[in-house]
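**Student:** You'll find query.cif just under this line, and it carries mmCIF, C-alpha atoms and all ligand atoms.
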data_model
#
loop_
_atom_site.label_atom_id
_atom_site.label_comp_id
_atom_site.auth_asym_id
_atom_site.auth_seq_id
_atom_site.Cartn_x
_atom_site.Cartn_y
_atom_site.Cartn_z
CA MET A 9 -9.54 13.80 -4.92
CA ARG A 10 -6.71 15.06 -7.15
CA ILE A 11 -3.42 15.16 -5.32
CA ILE A 12 0.12 16.01 -6.40
CA ILE A 13 2.86 14.37 -4.37
CA PHE A 14 5.78 16.69 -4.72
CA GLY A 15 9.40 16.69 -3.60
CA PRO A 16 12.99 15.90 -4.46
CA GLN A 17 14.23 12.57 -5.77
CA GLY A 18 14.25 10.02 -2.98
CA ALA A 19 11.98 12.01 -0.65
CA GLY A 20 9.54 9.09 -0.75
CA LYS A 21 6.99 10.25 -3.35
CA GLY A 22 6.53 6.73 -4.74
CA THR A 23 6.55 5.17 -1.26
CA GLN A 24 3.88 7.55 0.09
CA ALA A 25 1.84 7.54 -3.12
CA ALA A 26 1.44 3.76 -2.75
CA LYS A 27 -0.01 4.29 0.77
CA LEU A 28 -2.39 7.00 -0.49
CA VAL A 29 -3.54 4.79 -3.34
CA GLU A 30 -4.32 2.02 -0.85
CA LYS A 31 -6.21 4.38 1.47
CA LEU A 32 -8.10 6.47 -1.10
CA GLY A 33 -8.48 3.97 -3.93
CA ALA A 34 -7.06 6.58 -6.29
CA GLU A 35 -5.03 5.97 -9.45
CA HIS A 36 -1.25 6.35 -9.12
CA ILE A 37 0.07 8.37 -12.06
CA ALA A 38 3.87 8.23 -11.77
CA THR A 39 5.60 9.82 -14.74
CA GLY A 40 8.85 8.00 -13.91
CA ASP A 41 6.96 4.67 -14.19
CA LEU A 42 5.49 5.79 -17.54
CA VAL A 43 9.01 6.60 -18.76
CA ARG A 44 10.48 3.27 -17.58
CA ALA A 45 7.55 1.30 -19.10
CA GLU A 46 8.14 2.95 -22.47
CA ILE A 47 11.86 2.17 -22.28
CA LYS A 48 11.16 -1.45 -21.31
CA GLN A 49 8.85 -1.90 -24.31
CA GLY A 50 11.74 -0.86 -26.54
CA THR A 51 9.57 1.48 -28.64
CA GLU A 52 11.11 4.20 -30.78
CA LEU A 53 10.00 6.73 -28.17
CA GLY A 54 11.48 4.52 -25.42
CA GLN A 55 14.86 4.53 -27.15
CA LYS A 56 14.68 8.30 -27.52
CA ILE A 57 13.98 8.94 -23.83
CA GLN A 58 16.28 6.30 -22.32
CA GLU A 59 19.32 8.53 -22.53
CA TYR A 60 17.61 11.32 -20.57
CA ASN A 61 16.43 8.88 -17.91
CA ASP A 62 19.77 7.13 -17.43
CA LYS A 63 21.68 10.42 -17.14
CA GLY A 64 19.13 11.77 -14.64
CA GLU A 65 18.00 14.52 -17.01
CA LEU A 66 14.40 15.62 -17.59
CA VAL A 67 12.64 14.16 -20.61
CA PRO A 68 11.61 17.05 -22.96
CA ASP A 69 8.37 18.76 -21.86
CA GLU A 70 6.34 18.06 -25.01
CA ILE A 71 7.02 14.31 -24.73
CA ILE A 72 6.27 13.99 -21.00
CA ILE A 73 3.12 16.14 -21.27
CA GLU A 74 1.79 13.96 -24.12
CA MET A 75 2.51 10.83 -22.07
CA THR A 76 0.79 12.16 -18.92
CA LYS A 77 -2.26 14.00 -20.26
CA PRO A 78 -4.50 11.02 -21.12
CA HIS A 79 -4.21 9.67 -17.56
CA LEU A 80 -5.56 12.89 -16.02
CA SER A 81 -9.05 12.51 -17.47
CA GLU A 82 -9.23 8.71 -17.18
CA ASN A 83 -9.89 8.77 -13.43
CA GLU A 84 -11.68 11.16 -11.08
CA SER A 85 -9.27 10.49 -8.26
CA TRP A 86 -5.53 10.35 -8.70
CA ILE A 87 -2.14 10.83 -7.08
CA LEU A 88 0.22 12.55 -9.50
CA ASP A 89 3.83 11.65 -8.73
CA GLY A 90 6.77 13.25 -10.58
CA PHE A 91 4.75 15.84 -12.51
CA PRO A 92 4.91 18.82 -12.87
CA ARG A 93 8.67 19.45 -12.63
CA ASN A 94 8.87 22.97 -14.08
CA GLN A 95 6.72 25.99 -14.93
CA ALA A 96 5.86 24.77 -18.44
CA GLN A 97 4.55 21.46 -17.05
CA ALA A 98 2.59 23.21 -14.28
CA LYS A 99 0.93 25.39 -16.92
CA ALA A 100 0.17 22.37 -19.13
CA LEU A 101 -1.40 20.62 -16.12
CA ASP A 102 -3.61 23.62 -15.32
CA GLU A 103 -4.75 23.81 -18.95
CA ALA A 104 -5.47 20.08 -19.16
CA LEU A 105 -7.57 20.26 -15.98
CA GLU A 106 -9.40 23.37 -17.12
CA GLU A 107 -10.47 21.47 -20.23
CA ILE A 108 -12.29 18.95 -18.01
CA ASN A 109 -13.46 21.56 -15.47
CA GLU A 110 -11.29 20.21 -12.69
CA LYS A 111 -8.46 21.40 -10.47
CA VAL A 112 -5.79 20.06 -8.12
CA ASP A 113 -7.15 19.72 -4.57
CA ARG A 114 -3.92 19.30 -2.64
CA VAL A 115 -0.16 19.38 -3.17
CA ILE A 116 1.85 17.46 -0.60
CA GLY A 117 5.42 18.77 -0.50
CA LEU A 118 7.85 16.25 0.97
CA GLU A 119 11.06 17.81 2.33
CA ALA A 120 14.42 16.23 3.20
CA SER A 121 18.10 17.17 2.97
CA ASP A 122 20.19 16.27 -0.11
CA GLU A 123 22.49 14.20 2.11
CA ASP A 124 19.59 11.98 3.27
CA LEU A 125 18.28 11.72 -0.29
CA VAL A 126 21.57 10.47 -1.74
CA LYS A 127 21.74 7.78 0.97
CA ARG A 128 18.17 6.69 0.32
CA LEU A 129 18.55 6.47 -3.44
CA SER A 130 21.83 4.57 -3.22
CA GLY A 131 20.09 1.96 -1.03
CA ARG A 132 16.93 1.71 -3.10
CA ARG A 133 16.06 -1.61 -4.70
CA GLN A 134 13.12 -2.28 -6.99
CA SER A 135 11.34 -5.55 -7.61
CA GLU A 136 11.53 -6.54 -11.25
CA ALA A 137 8.35 -8.60 -10.81
CA THR A 138 6.05 -6.08 -9.08
CA GLY A 139 7.87 -2.72 -9.41
CA LYS A 140 7.58 -2.27 -5.62
CA THR A 141 10.30 -0.15 -4.05
CA TYR A 142 12.40 -1.23 -1.06
CA HIS A 143 15.44 0.07 0.81
CA ILE A 144 18.29 -2.19 1.90
CA GLU A 145 18.21 -0.72 5.45
CA HIS A 146 14.86 1.02 6.03
CA ASP A 147 12.51 -1.34 4.20
CA PRO A 148 14.45 -4.45 3.13
CA PRO A 149 13.15 -6.58 0.25
CA PRO A 150 11.83 -10.01 1.23
CA GLU A 151 14.16 -12.97 0.84
CA GLU A 152 14.16 -14.09 -2.79
CA GLY A 153 11.46 -16.69 -3.27
CA ASN A 154 8.92 -14.97 -1.01
CA GLU A 155 5.43 -15.64 -2.39
CA GLU A 156 4.30 -12.01 -2.30
CA ASP A 157 7.25 -10.68 -4.23
CA VAL A 158 9.69 -12.97 -5.94
CA GLY A 159 12.06 -10.26 -7.11
CA PRO A 160 14.81 -10.06 -8.31
CA PHE A 161 15.45 -6.78 -6.50
CA ILE A 162 17.53 -4.54 -8.69
CA GLN A 163 19.06 -1.07 -8.64
CA ARG A 164 17.59 1.48 -11.09
CA ASP A 165 19.85 2.65 -13.95
CA ASP A 166 19.54 6.25 -12.74
CA ASP A 167 20.42 5.50 -9.11
CA THR A 168 24.14 6.03 -9.71
CA GLU A 169 25.85 8.79 -7.66
CA GLU A 170 26.39 10.94 -10.78
CA ALA A 171 22.79 10.69 -12.02
CA ILE A 172 21.44 11.28 -8.49
CA ARG A 173 23.44 14.55 -8.23
CA THR A 174 22.17 15.68 -11.66
CA ARG A 175 18.57 14.91 -10.64
CA LEU A 176 18.88 16.84 -7.38
CA ASP A 177 20.46 19.87 -9.12
CA THR A 178 17.60 19.90 -11.63
CA TYR A 179 15.10 19.64 -8.79
CA HIS A 180 16.52 22.70 -7.01
CA GLU A 181 16.75 24.74 -10.21
CA GLN A 182 13.49 23.90 -11.95
CA THR A 183 11.10 22.03 -9.69
CA GLU A 184 11.48 23.49 -6.21
CA PRO A 185 10.28 26.98 -7.31
CA LEU A 186 6.84 25.43 -7.97
CA LYS A 187 6.36 25.27 -4.18
CA GLU A 188 5.78 29.02 -4.30
CA TYR A 189 3.31 28.61 -7.16
CA TYR A 190 1.17 26.10 -5.22
CA GLY A 191 1.75 27.89 -1.90
CA GLU A 192 0.19 31.05 -3.35
CA GLN A 193 -2.87 29.02 -4.38
CA GLY A 194 -3.23 27.83 -0.76
CA ILE A 195 -3.17 24.13 -1.66
CA LEU A 196 0.38 23.21 -0.58
CA VAL A 197 0.96 21.27 2.66
CA THR A 198 4.62 20.58 3.48
CA VAL A 199 5.67 17.42 5.31
CA ASP A 200 9.00 16.69 6.98
CA ALA A 201 10.05 13.60 5.01
CA SER A 202 13.30 13.05 6.91
CA LYS A 203 11.40 10.99 9.49
CA GLY A 204 10.71 7.25 9.27
CA ILE A 205 8.32 5.93 6.59
CA ASP A 206 5.38 5.35 9.01
CA GLU A 207 5.73 8.77 10.64
CA VAL A 208 5.77 10.43 7.23
CA THR A 209 2.67 8.44 6.20
CA GLU A 210 0.86 9.72 9.29
CA GLU A 211 1.58 13.34 8.28
CA VAL A 212 0.66 12.68 4.64
CA MET A 213 -2.71 11.20 5.68
CA LYS A 214 -3.37 14.23 7.89
CA ALA A 215 -2.56 16.49 4.93
CA VAL A 216 -5.36 14.89 2.90
CA GLY A 217 -7.76 14.76 5.83
CA GLU A 218 -7.46 11.04 6.50
CA ASN A 219 -6.37 9.20 9.63
CA LYS A 220 -3.76 6.58 8.99
P1 LIG A 301 11.13 9.25 -11.26
O1 LIG A 301 10.93 7.79 -11.28
O2 LIG A 301 9.97 10.11 -10.91
O3 LIG A 301 12.38 9.49 -10.34
P2 LIG A 301 12.70 10.64 -9.33
O4 LIG A 301 12.02 11.92 -9.56
O5 LIG A 301 14.17 10.67 -9.36
O6 LIG A 301 12.06 10.20 -8.01
P3 LIG A 301 12.40 8.89 -7.27
O7 LIG A 301 11.54 7.76 -7.78
O8 LIG A 301 13.86 8.65 -7.33
O9 LIG A 301 12.06 9.29 -5.77
P4 LIG A 301 10.81 9.07 -4.83
O10 LIG A 301 10.56 10.39 -4.14
O11 LIG A 301 9.64 8.45 -5.53
O12 LIG A 301 11.42 8.10 -3.75
P5 LIG A 301 11.02 6.60 -3.32
O13 LIG A 301 9.63 6.56 -2.74
O14 LIG A 301 11.34 5.62 -4.39
O15 LIG A 301 11.68 9.78 -12.67
C1 LIG A 301 12.73 9.10 -13.36
C2 LIG A 301 13.12 9.86 -14.61
O16 LIG A 301 11.98 9.96 -15.52
C3 LIG A 301 13.55 11.33 -14.41
O17 LIG A 301 14.91 11.46 -14.03
C4 LIG A 301 13.28 11.89 -15.82
O18 LIG A 301 14.29 11.50 -16.74
C5 LIG A 301 11.98 11.20 -16.20
N1 LIG A 301 10.81 11.99 -15.78
C6 LIG A 301 9.85 11.61 -14.88
N2 LIG A 301 8.95 12.59 -14.72
C7 LIG A 301 9.32 13.61 -15.55
C8 LIG A 301 8.79 14.90 -15.81
N3 LIG A 301 7.67 15.34 -15.21
N4 LIG A 301 9.45 15.69 -16.71
C9 LIG A 301 10.54 15.26 -17.35
N5 LIG A 301 11.13 14.05 -17.13
C10 LIG A 301 10.51 13.23 -16.22
O19 LIG A 301 12.05 6.42 -2.09
C11 LIG A 301 13.44 6.36 -2.33
C12 LIG A 301 14.11 5.33 -1.40
O20 LIG A 301 14.04 5.78 -0.03
C13 LIG A 301 13.43 3.95 -1.40
O21 LIG A 301 14.42 2.97 -1.29
C14 LIG A 301 12.50 3.96 -0.16
O22 LIG A 301 12.31 2.67 0.37
C15 LIG A 301 13.30 4.85 0.79
N6 LIG A 301 12.45 5.69 1.65
C16 LIG A 301 11.32 6.35 1.29
N7 LIG A 301 10.83 7.05 2.34
C17 LIG A 301 11.70 6.86 3.37
C18 LIG A 301 11.78 7.33 4.73
N8 LIG A 301 10.84 8.16 5.23
N9 LIG A 301 12.81 6.92 5.50
C19 LIG A 301 13.76 6.08 5.00
N10 LIG A 301 13.75 5.59 3.74
C20 LIG A 301 12.75 5.98 2.93
#
Output the structure of this file as structure tokens.
Ligand code: AP5
**Tutor:**
Amino acid sequence: MRIIIFGPQGAGKGTQAAKLVEKLGAEHIATGDLVRAEIKQGTELGQKIQEYNDKGELVPDEIIIEMTKPHLSENESWILDGFPRNQAQAKALDEALEEINEKVDRVIGLEASDEDLVKRLSGRRQSEATGKTYHIEHDPPPEEGNEEDVGPFIQRDDDTEEAIRTRLDTYHEQTEPLKEYYGEQGILVTVDASKGIDEVTEEVMKAVGENK
């Protein structure tokens, strides 16, 4: 199954994608993770895109499309998280799938208010060891030294108030209109993501025809 998990920053795309991956055995293609991995490796490309990431701006389309494309044909089943974010990327995705005679089966649109999203992102912590995401209130990281995840649990460089606002503005301007695009194709299912993590997971599983 080819699924796009769609929604504003902090809606829980990464959190819910991890649950879908576990349930469906699909590959998690998260463009934000691809960007951070490139930056961490310190490549020339990584240095070029770091500034966009840290300011909360979109990485230029041609770069992000080149980074994402190879992953689309590597696996039959995937959860695409963070892509597409504008019309040009949606078109590039359609063309890439046409080349391999495939299409997107479902788009899950997570919805929550900007106020909730800012609170969630400010409380997000990420494990440096495993990359797993936590929240200081809703899903606290284990005590440091826990065998499953040793941490440290750090704040992302783009989880500052200023960068969060920029990311949300960009979402409303460029990404949100894609809901209409996928709605017209009849493959969009919207989910109220303002509820607790487990309740949202239940709705997400229903949207892909699975029981939690
Ligand atoms: P990316 O990593 O994709 O960041 P993002 O879009 O800002 O999305 P987030 O990871 O912040 O949100 P999420 O919805 O995954 O939330 P999460 O599950 O972590 O991209 C980073 C950067 O890379 C971009 O700014 C851009 O520069 C570049 N980039 C990436 N893709 C690109 C593209 N296609 N084009 C151009 N540039 C691109 O949850 C957030 C927090 O809330 C966590 O702490 C979690 O524990 C908590 N939480 C989750 N669900 C709930 C719930 N139901 N209740 C309470 N708390 C919850």
**Student:** Between A:Gln163, A:Ser121, A:Asn154, A:Thr141, single out the one closest to ligand LIG 301 (chain A), counting only C-alpha atoms and all ligand atoms.
**Tutor:**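 Ranked by minimum distance to ligand LIG 301 (chain A), first place goes to A:Thr141.
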**Student:** Where's the centre, and what are the edge lengths in Å to one decimal, of a box along x, y and z enclosing all listed atoms of segment 112-131 of chain A padded 6 Å per side, as JSON?
**Tutor:**
{"center_x": 7.7, "center_y": 11.0, "center_z": -2.4, "size_x": 41.6, "size_y": 30.1, "size_z": 23.4}
**Student:** Under the rule that all atoms listed in the file are counted, which of A:Ile87, A:Val208, A:Ala215, A:Ile12 is the nearest residue to ligand LIG 301 (chain A)?
**Tutor:**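 Under the stated criterion, the closest residue is A:Val208.
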**Student:** Could you tell me how far atom CA of Glu46 of chain A lies from atom CA of Gly18 of chain A, in Å and to one decimal?
**Tutor:**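 Separating atom CA of Glu46 of chain A from atom CA of Gly18 of chain A is a distance of 21.6 Å.
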**Student:** Which residues of chain A sit at most 7 Å from ligand LIG 301 (chain A), using all atoms listed in the file? Give each one's shortest atom pair and distance in Å (one decimal place), in chain and ascending residue order, as JSON lines.
**Tutor:**
{"residue": "A:Gly15", "atom": "CA", "partner": "A:LIG301", "partner_atom": "O10", "distance": 6.4}
{"residue": "A:Pro16", "atom": "CA", "partner": "A:LIG301", "partner_atom": "O10", "distance": 6.0}
{"residue": "A:Gln17", "atom": "CA", "partner": "A:LIG301", "partner_atom": "O6", "distance": 3.9}
{"residue": "A:Gly18", "atom": "CA", "partner": "A:LIG301", "partner_atom": "O12", "distance": 3.5}
{"residue": "A:Ala19", "atom": "CA", "partner": "A:LIG301", "partner_atom": "O10", "distance": 4.1}
{"residue": "A:Gly20", "atom": "CA", "partner": "A:LIG301", "partner_atom": "O13", "distance": 3.2}
{"residue": "A:Lys21", "atom": "CA", "partner": "A:LIG301", "partner_atom": "O10", "distance": 3.7}
{"residue": "A:Gly22", "atom": "CA", "partner": "A:LIG301", "partner_atom": "O11", "distance": 3.6}
{"residue": "A:Thr23", "atom": "CA", "partner": "A:LIG301", "partner_atom": "O13", "distance": 3.7}
{"residue": "A:Gln24", "atom": "CA", "partner": "A:LIG301", "partner_atom": "O13", "distance": 6.5}
{"residue": "A:Ala38", "atom": "CA", "partner": "A:LIG301", "partner_atom": "O2", "distance": 6.4}
{"residue": "A:Thr39", "atom": "CA", "partner": "A:LIG301", "partner_atom": "N2", "distance": 4.3}
{"residue": "A:Gly40", "atom": "CA", "partner": "A:LIG301", "partner_atom": "O1", "distance": 3.4}
{"residue": "A:Asp41", "atom": "CA", "partner": "A:LIG301", "partner_atom": "O1", "distance": 5.8}
{"residue": "A:Val43", "atom": "CA", "partner": "A:LIG301", "partner_atom": "O16", "distance": 5.5}
{"residue": "A:Tyr60", "atom": "CA", "partner": "A:LIG301", "partner_atom": "O18", "distance": 5.1}
{"residue": "A:Asn61", "atom": "CA", "partner": "A:LIG301", "partner_atom": "O18", "distance": 3.6}
{"residue": "A:Gly64", "atom": "CA", "partner": "A:LIG301", "partner_atom": "O17", "distance": 4.3}
{"residue": "A:Glu65", "atom": "CA", "partner": "A:LIG301", "partner_atom": "O18", "distance": 4.8}
{"residue": "A:Leu66", "atom": "CA", "partner": "A:LIG301", "partner_atom": "N5", "distance": 3.7}
{"residue": "A:Val67", "atom": "CA", "partner": "A:LIG301", "partner_atom": "N5", "distance": 3.8}
{"residue": "A:Pro68", "atom": "CA", "partner": "A:LIG301", "partner_atom": "C9", "distance": 6.0}
{"residue": "A:Asp69", "atom": "CA", "partner": "A:LIG301", "partner_atom": "N4", "distance": 6.1}
{"residue": "A:Ile72", "atom": "CA", "partner": "A:LIG301", "partner_atom": "N4", "distance": 5.6}
{"residue": "A:Asp89", "atom": "CA", "partner": "A:LIG301", "partner_atom": "O2", "distance": 6.7}
{"residue": "A:Gly90", "atom": "CA", "partner": "A:LIG301", "partner_atom": "O2", "distance": 4.5}
{"residue": "A:Phe91", "atom": "CA", "partner": "A:LIG301", "partner_atom": "N3", "distance": 4.0}
{"residue": "A:Pro92", "atom": "CA", "partner": "A:LIG301", "partner_atom": "N3", "distance": 5.0}
{"residue": "A:Arg93", "atom": "CA", "partner": "A:LIG301", "partner_atom": "N3", "distance": 5.0}
{"residue": "A:Arg128", "atom": "CA", "partner": "A:LIG301", "partner_atom": "O20", "distance": 4.2}
{"residue": "A:Leu129", "atom": "CA", "partner": "A:LIG301", "partner_atom": "C12", "distance": 5.0}
{"residue": "A:Gly131", "atom": "CA", "partner": "A:LIG301", "partner_atom": "O21", "distance": 5.8}
{"residue": "A:Arg132", "atom": "CA", "partner": "A:LIG301", "partner_atom": "O21", "distance": 3.3}
{"residue": "A:Arg133", "atom": "CA", "partner": "A:LIG301", "partner_atom": "O21", "distance": 5.9}
{"residue": "A:Thr141", "atom": "CA", "partner": "A:LIG301", "partner_atom": "O22", "distance": 5.6}
{"residue": "A:Tyr142", "atom": "CA", "partner": "A:LIG301", "partner_atom": "O22", "distance": 4.2}
{"residue": "A:His143", "atom": "CA", "partner": "A:LIG301", "partner_atom": "O21", "distance": 3.7}
{"residue": "A:His146", "atom": "CA", "partner": "A:LIG301", "partner_atom": "N10", "distance": 5.2}
{"residue": "A:Asp147", "atom": "CA", "partner": "A:LIG301", "partner_atom": "O22", "distance": 5.5}
{"residue": "A:Arg175", "atom": "CA", "partner": "A:LIG301", "partner_atom": "O17", "distance": 6.1}
{"residue": "A:Ala201", "atom": "CA", "partner": "A:LIG301", "partner_atom": "N8", "distance": 5.5}
{"residue": "A:Ser202", "atom": "CA", "partner": "A:LIG301", "partner_atom": "N8", "distance": 5.7}
{"residue": "A:Lys203", "atom": "CA", "partner": "A:LIG301", "partner_atom": "N8", "distance": 5.1}
{"residue": "A:Gly204", "atom": "CA", "partner": "A:LIG301", "partner_atom": "N8", "distance": 4.1}
{"residue": "A:Ile205", "atom": "CA", "partner": "A:LIG301", "partner_atom": "N8", "distance": 3.6}
{"residue": "A:Val208", "atom": "CA", "partner": "A:LIG301", "partner_atom": "N8", "distance": 5.9}
**Student:** Provide the atom CA of Ala120 of chain A to atom CA of Lys140 of chain A distance in Å, to one decimal place.
**Tutor:**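 A separation of 21.6 Å between them.
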**Student:** Expressed in Å to a single decimal, how great is the separation between atom CA of Gly117 of chain A and atom CA of Phe14 of chain A?
**Tutor:** 4.7 Å
